[in-house]
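Encoded as structure tokens, the structure appears first; notes follow it.
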Amino acid sequence: MIRRYAACAFAVCAVLGAPAARATDWPQRPVNLVVPFPPGGPTDLVARVLARQLSVQTGQSFVVENKGGANGNIGMQYVAAAQPDGYTVLYNTSSIALSPNLYRKLPFDPARDFEAVSSTAVIPLVLLVHPSVPAQDLAGFVAYARKQPGKLSYASASTGNVTHLGAVLLLQSVGVQAVHVPYRGSAPAMTDLVGGQVQFMTNTLNDSLAFIRDGKLRALAVTSALRSAQLPEVPTVAETVAPGFEMGAWQGVVVPKGTPPAIVQKLNDEIRKALRSPEMQQQLAAQGAQALGSTPQEYARYIQDETRRWGEVIEAAQVKLD
């Protein structure tokens with residue numbers, strides 16, 4: 001989904017001088033890996049796995065620092081304003097592509113203020129329904145929902161969150177109308193879904209597995225292109241009601257604009273090495289996450305493409321935040 005490393009010419013190295021040489025020695029002290037969401041959530045879980053592996057590889061601590069709030073904007077603003085020295089790094093999510101389309105005003109510009117490093121992982125979303133919903137498969141759910149437009153309600157972790165917009169995209173794709181009920185995080189949203197206060201939700205797979213396995217919620221479809229190894233019996237949206245449908249809660253790493261290219265490249269090398277490690281692949285798989293990895297250029301293009309894609313979805317749904 002996401003994938004030139006040019007040798008530095010002598011003249012360029014001469015211009016850069018000593019700072020370029022020092023950049024190759026990075027890191028020489030602990031690195032703050034800023035997660036723009038609270039501890040314990042699906043993004044935080046994957047970030048901590050990566051931080052542990054990077055600490056082992058580099059011999060320096062990668063310290064996860066949670067700065068949650070405003071759909072990730074508080075953490076993103078914090079990193080955008082940080083020194084571009086490689087010691088404050090953002091573990092970003094798809095919010096980096098959503099926020100420019102959702103908010104009328106942002107105190108930062110993702111395209112201007114960040115340098116892409118690498119994609120890391122993608123977590124599929126899964127369509128969950130309360131057991132009181134009679135549909136046993138996605139086609140049945142669509143038929144059931146179409147018979148009562150606007151009467152079913154769905155939860156999300158917050159307005160503009162990927163769990164909200166993932167549901168919006170799915171509903172747009174199948175021509176279904178339902179009532180959105182936003183919560184302050186996925187935990188209260190899942191609590192009310194289990195309790196039957198809302199009928200369905202598209203939530204991240206790693207945040208949903210326990211509820212599915214305990215029989216508290218029924219999984220009807222996953223949003224990835226391929227079935228999940230964690231739920232092999234659950235079909236994809238694409239193979240059932242919406243051919244070509246694919247989306248997920250993707251993640252990656254960016255740094256403040258102006259970070260030395262040598263640091264960006266070294267961080268990219270370490271991240272991709274970490275993603276190839278058996279230890280990390282095993283831990284990601286246990287969470288239902290799929291390892292990615294890319295060049296900085298590939299990740300920058302991917303963020304641009306996703307910003308355009310979600311802009312169309314958000315405009316069609318007329319979702320705007322202050």
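Chain labels follow the order of the structure tokens: the first chain is A, the next B, and so on; residue numbering restarts at 1 in every chain, and ligands are counted from 1 in their shown order.
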
Output as a tab-separated table one row per residue of range 107-201 of chain A within 10 Å of range 293-301 of chain A: the closest atom pair and its distance in Å to one decimal place, counting only C-alpha atoms, sorted by chain and residue number ascending.
```
residue	atom	partner	partner_atom	distance
A:Ala111	CA	A:Ala300	CA	8.8
A:Phe114	CA	A:Ala300	CA	9.5
A:Glu115	CA	A:Ala300	CA	7.7
A:Ala116	CA	A:Pro296	CA	5.2
A:Val117	CA	A:Pro296	CA	4.5
A:Ser118	CA	A:Ser294	CA	5.1
A:Ser119	CA	A:Gly293	CA	4.9
A:Thr120	CA	A:Gly293	CA	5.2
A:Ala121	CA	A:Gly293	CA	7.4
```

Item to complete: Assign secondary structure with DSSP using the backbone only, and return the residues of range 86-305 of chain A in helix (DSSP H, G or I) as a PyMOL selection string.
Response: chain A and resi 95-102+110-113+138-146+162-174+186-195+205-207+209-213+261-276+278-286+296-305

Contact table range 178-243 of chain A vs range 126-139 of chain A, cut-off 7 Å, shortest pair per residue, only C-alpha atoms, as CSV:
```
residue,atom,partner,partner_atom,distance
A:Leu193,CA,A:His130,CA,6.3
A:Val194,CA,A:His130,CA,6.3
A:Gly196,CA,A:His130,CA,6.1
A:Gln199,CA,A:His130,CA,5.4
A:Phe200,CA,A:Val129,CA,4.3
A:Met201,CA,A:Leu128,CA,5.3
A:Thr202,CA,A:Leu127,CA,4.5
A:Asn203,CA,A:Val126,CA,5.6
A:Thr204,CA,A:Val126,CA,6.2
A:Leu205,CA,A:Val126,CA,5.8
A:Leu217,CA,A:His130,CA,5.3
A:Arg218,CA,A:Val129,CA,5.3
A:Ala219,CA,A:Leu128,CA,4.7
A:Leu220,CA,A:Asp137,CA,5.3
A:Ala221,CA,A:Leu127,CA,5.4
A:Val222,CA,A:Val126,CA,4.3
A:Thr223,CA,A:Val126,CA,6.2
A:Thr240,CA,A:Ala139,CA,6.9
A:Val241,CA,A:Ala139,CA,6.3
```

Fill in: Residue set, range 131-280 of chain A restricted to strand (DSSP E), as a PyMOL selection string
chain A and resi 153-156+179-182+200-204+218-222+248-256

Item to complete: Considering only C-alpha atoms, state which residue in the set A:Val176, A:Ala70, A:Leu98, A:Leu209 is at the smallest distance from Met190 in chain A.
Response: A:Leu209

Worksheet item: If we count only C-alpha atoms, what is near Tyr87 in chain A at a cut-off of 6 Å, once residues fewer than 2 positions away on the same chain are taken out, given as number ranges by chain?
Response: A: 31-32, 85

Would you save the residues from that selection as an mmCIF file, in the first residue's frame, using all heavy atoms?
```
data_model
loop_
_atom_site.group_PDB
_atom_site.id
_atom_site.type_symbol
_atom_site.label_atom_id
_atom_site.label_comp_id
_atom_site.auth_asym_id
_atom_site.auth_seq_id
_atom_site.Cartn_x
_atom_site.Cartn_y
_atom_site.Cartn_z
ATOM 1 N N VAL A 31 14.351 9.715 23.155
ATOM 2 C CA VAL A 31 13.472 10.310 22.142
ATOM 3 C C VAL A 31 12.039 10.246 22.658
ATOM 4 O O VAL A 31 11.590 9.196 23.131
ATOM 5 C CB VAL A 31 13.584 9.539 20.803
ATOM 6 C CG1 VAL A 31 12.622 10.121 19.769
ATOM 7 C CG2 VAL A 31 15.025 9.579 20.296
ATOM 8 N N ASN A 32 11.338 11.359 22.583
ATOM 9 C CA ASN A 32 9.922 11.381 22.954
ATOM 10 C C ASN A 32 9.070 10.991 21.754
ATOM 11 O O ASN A 32 9.103 11.665 20.720
ATOM 12 C CB ASN A 32 9.503 12.772 23.428
ATOM 13 C CG ASN A 32 9.897 13.037 24.862
ATOM 14 O OD1 ASN A 32 10.480 12.172 25.523
ATOM 15 N ND2 ASN A 32 9.598 14.218 25.357
ATOM 16 N N ASP A 85 14.836 18.428 15.868
ATOM 17 C CA ASP A 85 16.145 17.837 16.147
ATOM 18 C C ASP A 85 16.099 16.322 16.247
ATOM 19 O O ASP A 85 17.099 15.684 16.591
ATOM 20 C CB ASP A 85 16.717 18.424 17.439
ATOM 21 C CG ASP A 85 15.781 18.257 18.643
ATOM 22 O OD1 ASP A 85 14.751 17.546 18.506
ATOM 23 O OD2 ASP A 85 16.070 18.830 19.703
#
```
